[in-house]
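The block underneath contains the structure these notes are about, expressed in structure tokens.
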Amino acid sequence: KCVYALLKVVHNLPPVPSTSRTGFAEFSVRERMREKLKAARSKAEITLLQEDPSPRPRRLKSIRERKTDFRLDKAVRRCIVSCYSDNKKVSNDFPSAEEAYNFFTFNFDSEPESIKAGARKRNELNEEEEAEEECMFALKIYSEQLKKEKEFLFTPSMLAVPPSEKMPGNMQPRYLEDEGLYTGERPFVSQSNQNILENRILRQEQEWFGDDGKILALPNPIKQSSTRPPIFSLEEGIAPELETVYRKAIKMTAANQYLVGPGDFQGPFQLDIDISGLIFTHHPCFSREHVLAAKLAQLYDQYLARKQKNLTKLLTDKLHALRNAVECSIDSGDAGVPRPVAQQSIPEYKIEIRQTRRLRDAEQDKDRMLLKTIIKVWKQIKSLRDFQKFTNTPMKLYLRKEEVDQRLDEKAYEAEIQAEINELLEECMEEYEKKMKEYKTELQEWKSWKTTQSKKKKKKKDIHEEEESVEDCDLGEERVKPIPPKMANSLEIEQQVREKAENCRRKPGEPALIPELVLSGSITPTELCPRAEVLRREDVKKRSAFIKVLFNAKEVSRTVTRPISSDFRVHFGQIFNLQIFNWPESLKLQIYETMGMSSTTLLAEVFIPVPETTVLTGSAPMEEIEFSSNQRVMLDHEGVGSGVSFSFEADGSNKMTLMTSGKVSNSVSWAVGEKGIPLIPPVSQQNTGIPSALKNIDAIASIGTSGLTDMKKLAKWAAEAKLDPNDPNNAALMQLIMVATSGEAHVPDFFRLEQLQQEFNFVSDEEFNRSKRFRLLQLRNGEVAEFRNYKQVPLHEREISEKIFQDYEKRLQERDVIDSKNYLDAHRAVVANYLQKVRESVINRFLIAKHNFLLSDLVNEEEIPSLGILGLSLFKLAEPKRPLKPRRKERKKVTAQNLSDGDIKLTDSFSGCSCFEDIRPFVEVSFQRTVCRTTTAEGPNPNWNEELELPFRAPNGDYSTHSLQSVKDEVFINVFDEVLHDAVEEDPERGSGIRTRVERHWLGCVKIPFTTIYFQARVDGTFKVDVPPVLLGYSKEKNLGIERGYDSVQNLSEGSYITLFITIEPQLIPGESVREKFDTQEEEKLLQAAAKYEAECTSKFPSRKCLTTVIDLNGKTVFITRYIKPLNPPQELLDAIPNSSQTAELVARYVALIPFLPDSVSFAGICDLWSTSDQFLYLLAGDEEEHAVLLCNYFLGMGKKAWLIIGNAIPEGPTAYVLTLEQSQYVIWNPSTGCFYGQYDTFCPLQNVYCLISCDNIWFNMQEYDSPIRINFDISKPKFWKSFFSRRLPYPGLRSIQPEELVYQDADKAAAVELQGRIEKILKEKIMEWRPRHLTRWNRYCTSTLRNFLPLLEQNQGKDIEDDHQAELQKQLGDYRVSGFPIHMPFSEVRPLIEAVHSMGVHTIDVSNVEFALAVYIHAYPQNVLSVWIYVASLVRNR
Amino acid sequence: QLCRNLSTFVYSFSLPQFPGFDDLYCKFCFVYGQDWVPTAGLEEGISQITSKSDVAPTTLVWNFPIDITFKSTNPSGWPQIVVSVYGPDFFGNDVVRGYGAVHVPFTPGRHTRTIAMFVPESTSRLQKFTSWFTGRRPEFTDPKVVAQGEGREVTRVRSQGFVTISFNVVTKDMKKLGYDVSPSDMQNPSLQQSFPHFFQ
């Protein structure tokens, strides 16, 4: 504590380090108070210090006391000491030797008195400060921590240091600059930094200050002017430093691709490169003759190559063979070969013959052309030589004539032509026949068409003449009569064949010409040549060439420079041995030409393929690699140049441009070492060694290429050439091909990213897919509904039964199959199927969105408390501890995932009910077939005040939010009357006694869906009990003031009400809606306005929900007003009753008859999907908003003023109602029940009104209250209602998404009657099923009577019915005690009907002689809306 | 019974190193896959409060044994222990001092694991101050999130210290079912031929 006080003293003296802390400006007032306190305290402290004879050791000791584990290090100690010495204005800041000695040896505990003194002093102070200290306790603690930090930290002050402190002794500062000495410019340091530094140095050593009292500093090293030349940008507006410069991308050569690691050197690897020579096929110094000679040489080469192949001969032979084969097969058709085979092969042969012939003709043509060109070029050369009078090339062409036997030749020629003609004729015939066939069919068609046409015409003419225009159209389409094909003329064909033969074939008897090129000609010596030619020859002599060898783009060697000979050949004949370490990536030859002594030009670069590992020195063939250069050379002598156009013709036409080109003959091979070991890199050598995955694959790739690519070609050729695989000659070849193509040593022609994947596949893919266990795991991982919560996947395959997948597979199969069994109605089955699909797609989207997290999902963080909240919490302190009217406290919420079966209970408590007269009612709650009941109360206004608990089981044991939301179960709260019947039974053994039989009669029920409870967390309120219009055996109190209409507050006695409170224990957190931005077609501006409007509204009234945009069935955001549009109700309803007010009710009832299906059930709480009215009518299912929108639209269509109310109601929670203005009164309609309430109706289920929506605006409730009773519905008052579209943002005329008009299907009465019968049968079966131990008798007479009542009930909409059922039944049946009632429901599917009948509990009666009666009536409304009435009764014969 | 046992038996005590904090206690729970079932022992628990000793070494020791046995049919979802450490702050409010998780070792025997602990950070400086002031620091909604990766990218955390746990692990029938978890030398990583069991 003492040190702490001391620091405070220090801080209060100038310089004050703490003032530099500005972080707590907001607490300035408190700060000031604290300063005052500190000042007072420091004063006391100073006096204390002065009194104290030896303050320092005590202080240090106290540090030791406080921080046992903290060793004071030197710096801190010095800092404290210096602070202290500063206080006393002592310049020497180090502790003296004596002090140090004292510090380490002093017995600190021997001075308790001084501490006490200090403590006493502090106590006095404390008393004074007590009041302030209490309120600032927290702050002080925080500052205390800061102080504690300051114990160890020294913060130098920012204030200027007086010069006297910086100068030793009493010296005056001396300014060298004033004395005329050059001091240089000091670098700029900000004044505050300088001050901080000075303050710090002052605590340490003094010698840092110069004579002028400033810190010593070197002159500023930065030069005034830059020594570098400024950069000027070429481009305007870009700083020169930022200008970008294009640099060509350079491919990094993988220089570190060593074949072997440095460790295991296996000897040198050697490539032998043999460069034998260079031949120019064109050179700038070529004379014209050279050009022609080169051309001739080229042509001759071509000729030789063709001759070697001799395709013409080959094809001719083949043709002959084929012809022979055809003839043979025709001749020996019925002999050796089975007929069909022969028959089949003949057309094939023929096709083959045609192809071969065509090929042969083409080849012959080419041969002839080649020969012709050779002769032509030779003639050109000769004429050129004559013209220029000298010879440059030694070329000579001899044409050798080969005499032939004219007669034989002619015969062969003629035979050939004949054969061809025959074949062609045959071909033509075939074609003709084919065409003829086509023609005939066409003609047939045409004829039949013609006859029908004419018939039509006749008819038409007979009946109508007006339709001529139509006929014209028909006639316009008249078909063209097909033209019969022409027969081919044999003469024509012959002529064609002969012409062709003349063109491309040697004439019969003409000698065959064989060209022969020799280099025996003599070249004219230079002396005899003209000057230009002499210059050219001299130029050639000056030129020489050499070749550089580049390995991996590095020059490794070069040939000697050899002159180019007069025939433009260069001979090198050099072999280079390359010892290599790097894997050869590229081998390149660069061809250079030097001219005289001066210039060297790069002519061309030639890439040489790296040899296969099988190519070894000695066996490598010489290869010629062509090169060409795009160099442009123009010469002033006879040379034609390169890239320059020149002509052989005198007039300069027919220009040609030649580029320098040539061939390098070389060979590259792997060297063979001394012992005959090839010096090839180890990749291939190791092939047989240790199998390593990586090397294996590489080896296959590298070895295989040569062999296998050839193999492939071979296979291809074999397939094309139709090699006979059974021929023993081909056996070896076929086997080779088989191996090559079977893929055993197969070169992958694809790129594989994960080469090693295969290594890790420990089972094959098929086996993988077959595994049931794996499949189960995969499905679970994919969150497929059936398997999402599958626990403990069995370890062995055999332990998984096939049954597990059955349901899933069934579902997959039946996805598209419409099952009408459960729906009894084809349309509803289709709709259910459609809904299922929509649901699946939405759920998939939800599952994806579920994996996106926000910070708030993961981290709980307190919000920053605002002033309001702080005030509220203060206010809370003043609240009474036990208020007289306690409110229910919010309970702790439990995240759904931790729950398991049996954890959740529904708690219902009942307090009151107003009911019928003279009854003993009790309440039975059933949920998921668990039934609980209260005790029986007495009288018409019973009070139970009981709490019932019902267990809850989630489907499939899945307690996730997602699954809980889709629980479809409902809580049935049934009110029963307990009736006691005294039955006197004579028992002969025990004498007579009175037995009381308890019967229970259903009175009414309230249904609350589980989802409502789940989303609301609690359901609290008074609910109207659904009481059937007739209860046999009961009579209602007659209402006196039956003033129907809108103007009266409905009477309390109108219905029965029950007050209840339902909640879930523990409380579950309802799932949040998906945070997903939906697609939209709305304008961005409108959406922004909507977001702004919503934000404004919710900031004022956070509890009121403001709705501007909703999501339609396609998952798109739609502005809400687009849903409101006047629509026509079914005409049938409008016509039914002329009275207008009744019609509105009828329409409301029609809307309510459309089954209710909450979105949260179908779409698992993901989002509220709004369907349009036509979609709604098609789907025949929807929740409150769809009902409300449809009803509102109907009302608008009927010319009423109507709005959609977005609000909160019990038991639905957030919901949509409809508001209408009727005779200056506001009426609220519940669209899902069809009931209506006046604005001031206390039993209106609508509790809060948030906003109103019309077709062109939204109004948000800005009034203090939101209960419909207490608010003003006058939307024209902006004070009460904040409108979305206003003068600032006018309504842009949004097009409605509703259809123009609703089209209704007519009510299908026949189907309704059929359905009626089926439902009756099902229900009867069910009742019998529920009474397994009793005989269930059906009273037909009663049933038929009941059946007669039902249509009447429907007609009156269940209202205003006279209670004469009882009397009538009595009259008809006689002495029966009848109890029963009709129930009314909209029809969606059978299950709810069964549930409803079950919950009524009529079947539970177990009197021995009971009889039952059950009647069903279905009334069909337009668009397949069905109203179902079920009359159930039990009869007991009175004795 | 359909599933065979594949049991793990854990015994552990912890030894936290949290510089500057004192009077810490820890909560633990296990996170495991769907195929795992605890057959004995407590899945969740809370330890006693431990304080620093006056004499060196000034480490905090809980020496808190946990006994738990699992059975499973699948090695996927191997149990992890999630530890969250709490302690009083300056004002005496219990605040979280760190979260951490570690897999239970696969191999039988005694193992020591040191878990690095961390806490979520406040979203802003002002939040940091108010949370410090009110003693309601940011916490994970569920400590189990530290055992999984999903959603963690939205958080920021600060490391806070270490907790040392020793495990004594016993397994049963692992080898019989084709899982060889006995330590093997690195030269011969034993890819067992019994692997296909997994899919049988």
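Residues in the structure tokens are numbered from 1 in each chain, the chains being A, B, ... in the order shown, and ligands are numbered from 1 in the order shown.
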Select residues of chain B: the criterion is any atom within 6 Å of an atom of chain A, counting only C-alpha atoms; output as a count of residues only.
-> 11
Would you list, as a PyMOL selection string, the residues of segment 403-650 of chain A that end up in strand (DSSP E) under DSSP run on this structure's backbone?
-> chain A and resi 512-518+543-551+554-558+562-563+569-580+587-595+599-608+623-628+645-646
Expressed in Å to a single decimal, how great is the separation between atom CA of Ser1344 of chain A and atom CA of Leu1323 of chain A?
->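 It comes out at 15.8 Å.
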Which residues, written as a list in words, have at least one atom at most 12 Å from Thr59 of chain B, with only C-alpha atoms counted and residues fewer than 3 positions away on the same chain left out?
-> Ser14, Leu15, Pro16, Gln17, Phe18, Pro19, Gly20, Phe21, Asp22, Asp23, Leu24, Thr50, Ser51, Lys52, Ser53, Asp54, Val55, Ala56, Trp62, Asn63, Gly161, Phe162, Val163 and Thr164 of chain B
Atom CA of Ile353 of chain A to atom CA of Ala325 of chain A, straight-line distance in Å = 10.4 Å
Can you work out the spacing between atom CA of Thr1117 of chain A and atom CA of Ala785 of chain A in Å, to one decimal?
-> 27.8 Å
So which residues touch Phe1156 of chain A within 9 Å, counting only C-alpha atoms, skipping near sequence neighbours fewer than 2 positions away, as a list of chain:residue names?
->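 Everything that qualifies: A:Ala1152, A:Leu1153, A:Ile1154, A:Pro1158, A:Leu1180, A:Ala1181, A:Gly1182, A:Asp1183, A:Glu1184, A:His1187, A:Ser1232, A:Pro1386, A:Ser1388.
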Could you tell me which of B:Gln48, B:Asn168, B:Ser84, B:Thr39 comes closest to Thr107 of chain B if we count only C-alpha atoms?
-> B:Asn168
Residues of segment 110-164 of chain B that have any atom at most 12 Å from an atom of segment 93-100 of chain B: could you tabulate them with the shortest-distance atom pair and the distance in Å to one decimal, using only C-alpha atoms, ordered by chain and increasing number, as a tab-separated table?
```
residue	atom	partner	partner_atom	distance
B:Arg113	CA	B:Gly100	CA	11.4
B:Thr114	CA	B:Gly100	CA	9.7
B:Ile115	CA	B:Gly100	CA	6.1
B:Ala116	CA	B:Gly100	CA	6.2
B:Met117	CA	B:Gly100	CA	4.8
B:Phe118	CA	B:Gly98	CA	4.6
B:Val119	CA	B:Gly98	CA	4.9
B:Pro120	CA	B:Gly98	CA	8.5
B:Glu121	CA	B:Gly98	CA	11.1
B:Ser131	CA	B:Val95	CA	10.0
B:Trp132	CA	B:Val95	CA	9.4
B:Phe133	CA	B:Asn93	CA	10.0
B:Thr134	CA	B:Asn93	CA	8.4
B:Gly135	CA	B:Asn93	CA	5.6
B:Arg136	CA	B:Val95	CA	6.8
B:Arg137	CA	B:Val95	CA	6.5
B:Pro138	CA	B:Val96	CA	8.4
B:Glu139	CA	B:Val96	CA	7.0
B:Phe140	CA	B:Tyr99	CA	8.8
B:Thr141	CA	B:Tyr99	CA	11.9
B:Asp142	CA	B:Tyr99	CA	10.5
B:Pro143	CA	B:Tyr99	CA	7.1
B:Lys144	CA	B:Tyr99	CA	9.3
B:Val145	CA	B:Tyr99	CA	9.6
B:Val146	CA	B:Gly100	CA	6.4
B:Ala147	CA	B:Gly100	CA	7.9
B:Gln148	CA	B:Gly100	CA	11.0
B:Val157	CA	B:Gly98	CA	9.7
B:Arg158	CA	B:Gly98	CA	8.9
B:Ser159	CA	B:Gly98	CA	7.7
B:Gln160	CA	B:Gly98	CA	6.0
B:Gly161	CA	B:Gly98	CA	7.5
B:Phe162	CA	B:Gly98	CA	8.6
B:Val163	CA	B:Gly100	CA	8.3
B:Thr164	CA	B:Gly100	CA	10.7
```
Would you put the residues from that selection into a file with N, CA and C atoms, as a short mmCIF file (atom, residue, chain, number, x, y, z; two decimals), in the first residue's frame?
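Written file, part_11.cif:
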```
data_model
loop_
_atom_site.label_atom_id
_atom_site.label_comp_id
_atom_site.auth_asym_id
_atom_site.auth_seq_id
_atom_site.Cartn_x
_atom_site.Cartn_y
_atom_site.Cartn_z
N ARG B 113 -1.09 -35.79 -22.19
CA ARG B 113 -1.41 -34.84 -23.25
C ARG B 113 -1.49 -33.45 -22.63
N THR B 114 -0.91 -32.51 -23.31
CA THR B 114 -1.01 -31.12 -22.86
C THR B 114 -1.91 -30.39 -23.85
N ILE B 115 -2.96 -29.85 -23.34
CA ILE B 115 -3.93 -29.17 -24.22
C ILE B 115 -3.68 -27.67 -24.12
N ALA B 116 -3.57 -27.05 -25.24
CA ALA B 116 -3.50 -25.60 -25.25
C ALA B 116 -4.91 -25.06 -25.09
N MET B 117 -5.08 -24.12 -24.18
CA MET B 117 -6.42 -23.62 -23.89
C MET B 117 -6.59 -22.23 -24.51
N PHE B 118 -7.82 -21.92 -24.82
CA PHE B 118 -8.07 -20.62 -25.43
C PHE B 118 -9.47 -20.16 -25.05
N VAL B 119 -9.69 -18.88 -25.18
CA VAL B 119 -11.02 -18.33 -24.93
C VAL B 119 -11.42 -17.48 -26.12
N PRO B 120 -12.71 -17.37 -26.38
CA PRO B 120 -13.14 -16.47 -27.45
C PRO B 120 -12.89 -15.02 -27.08
N GLU B 121 -12.60 -14.23 -28.06
CA GLU B 121 -12.30 -12.83 -27.84
C GLU B 121 -13.55 -11.98 -27.97
N SER B 131 -17.21 -6.34 -20.81
CA SER B 131 -17.26 -7.73 -20.36
C SER B 131 -16.31 -7.93 -19.17
N TRP B 132 -15.23 -7.24 -19.20
CA TRP B 132 -14.30 -7.32 -18.07
C TRP B 132 -14.97 -6.72 -16.83
N PHE B 133 -15.68 -5.65 -17.09
CA PHE B 133 -16.28 -4.91 -15.99
C PHE B 133 -17.45 -5.69 -15.39
N THR B 134 -18.26 -6.26 -16.26
CA THR B 134 -19.44 -6.95 -15.75
C THR B 134 -19.15 -8.39 -15.40
N GLY B 135 -17.98 -8.87 -15.80
CA GLY B 135 -17.64 -10.26 -15.50
C GLY B 135 -18.37 -11.24 -16.38
N ARG B 136 -18.94 -10.76 -17.47
CA ARG B 136 -19.60 -11.68 -18.39
C ARG B 136 -18.82 -11.68 -19.69
N ARG B 137 -17.83 -12.49 -19.71
CA ARG B 137 -16.96 -12.53 -20.89
C ARG B 137 -17.59 -13.42 -21.94
N PRO B 138 -17.15 -13.24 -23.16
CA PRO B 138 -17.70 -14.11 -24.21
C PRO B 138 -17.42 -15.58 -23.93
N GLU B 139 -18.39 -16.37 -24.13
CA GLU B 139 -18.24 -17.81 -23.93
C GLU B 139 -18.78 -18.53 -25.14
N PHE B 140 -18.31 -19.75 -25.33
CA PHE B 140 -18.90 -20.58 -26.39
C PHE B 140 -20.30 -21.00 -25.94
N THR B 141 -21.22 -21.00 -26.87
CA THR B 141 -22.58 -21.41 -26.52
C THR B 141 -22.57 -22.84 -26.01
N ASP B 142 -21.70 -23.63 -26.59
CA ASP B 142 -21.59 -25.01 -26.16
C ASP B 142 -20.10 -25.33 -26.16
N PRO B 143 -19.54 -25.76 -25.03
CA PRO B 143 -18.10 -26.02 -25.05
C PRO B 143 -17.72 -27.09 -26.06
N LYS B 144 -18.72 -27.86 -26.50
CA LYS B 144 -18.39 -28.95 -27.43
C LYS B 144 -17.95 -28.42 -28.80
N VAL B 145 -18.19 -27.18 -29.08
CA VAL B 145 -17.77 -26.68 -30.40
C VAL B 145 -16.26 -26.74 -30.56
N VAL B 146 -15.53 -26.75 -29.46
CA VAL B 146 -14.07 -26.78 -29.63
C VAL B 146 -13.60 -28.14 -30.09
N ALA B 147 -14.47 -29.12 -30.05
CA ALA B 147 -14.07 -30.44 -30.52
C ALA B 147 -14.35 -30.63 -32.00
N GLN B 148 -14.91 -29.66 -32.63
CA GLN B 148 -15.19 -29.80 -34.06
C GLN B 148 -14.76 -28.56 -34.81
N VAL B 157 -10.03 -16.22 -31.11
CA VAL B 157 -9.72 -16.69 -29.77
C VAL B 157 -8.34 -16.20 -29.34
N ARG B 158 -8.13 -16.27 -28.06
CA ARG B 158 -6.85 -15.88 -27.50
C ARG B 158 -6.37 -17.07 -26.66
N SER B 159 -5.11 -17.39 -26.77
CA SER B 159 -4.64 -18.54 -26.01
C SER B 159 -4.41 -18.14 -24.56
N GLN B 160 -4.65 -19.07 -23.70
CA GLN B 160 -4.72 -18.74 -22.29
C GLN B 160 -3.84 -19.60 -21.39
N GLY B 161 -3.29 -20.66 -21.85
CA GLY B 161 -2.52 -21.51 -20.94
C GLY B 161 -2.64 -22.96 -21.35
N PHE B 162 -2.31 -23.83 -20.45
CA PHE B 162 -2.29 -25.25 -20.80
C PHE B 162 -2.93 -26.08 -19.69
N VAL B 163 -3.46 -27.18 -20.09
CA VAL B 163 -3.93 -28.17 -19.13
C VAL B 163 -3.28 -29.48 -19.52
N THR B 164 -2.74 -30.15 -18.53
CA THR B 164 -2.10 -31.43 -18.81
C THR B 164 -2.99 -32.53 -18.29
#
```
Segment 365-470 of chain A: residues DSSP assigns to helix (DSSP H, G or I), reported as a PyMOL selection string | chain A and resi 365-388+406-463+468-470
List the neighbours of segment 310-314 of chain A out to 9 Å using only C-alpha atoms; skip same-chain residues closer than 3 positions along the sequence, and give me the result as number ranges by chain.
-> A: 305-307, 317-319, 359-364, 367
Polymer residues at most 12 Å from segment 503-509 of chain A, only C-alpha atoms, same-chain spacing of 6 or more positions, as a PyMOL selection string | chain A and resi 312+360-372+401-417+496-497
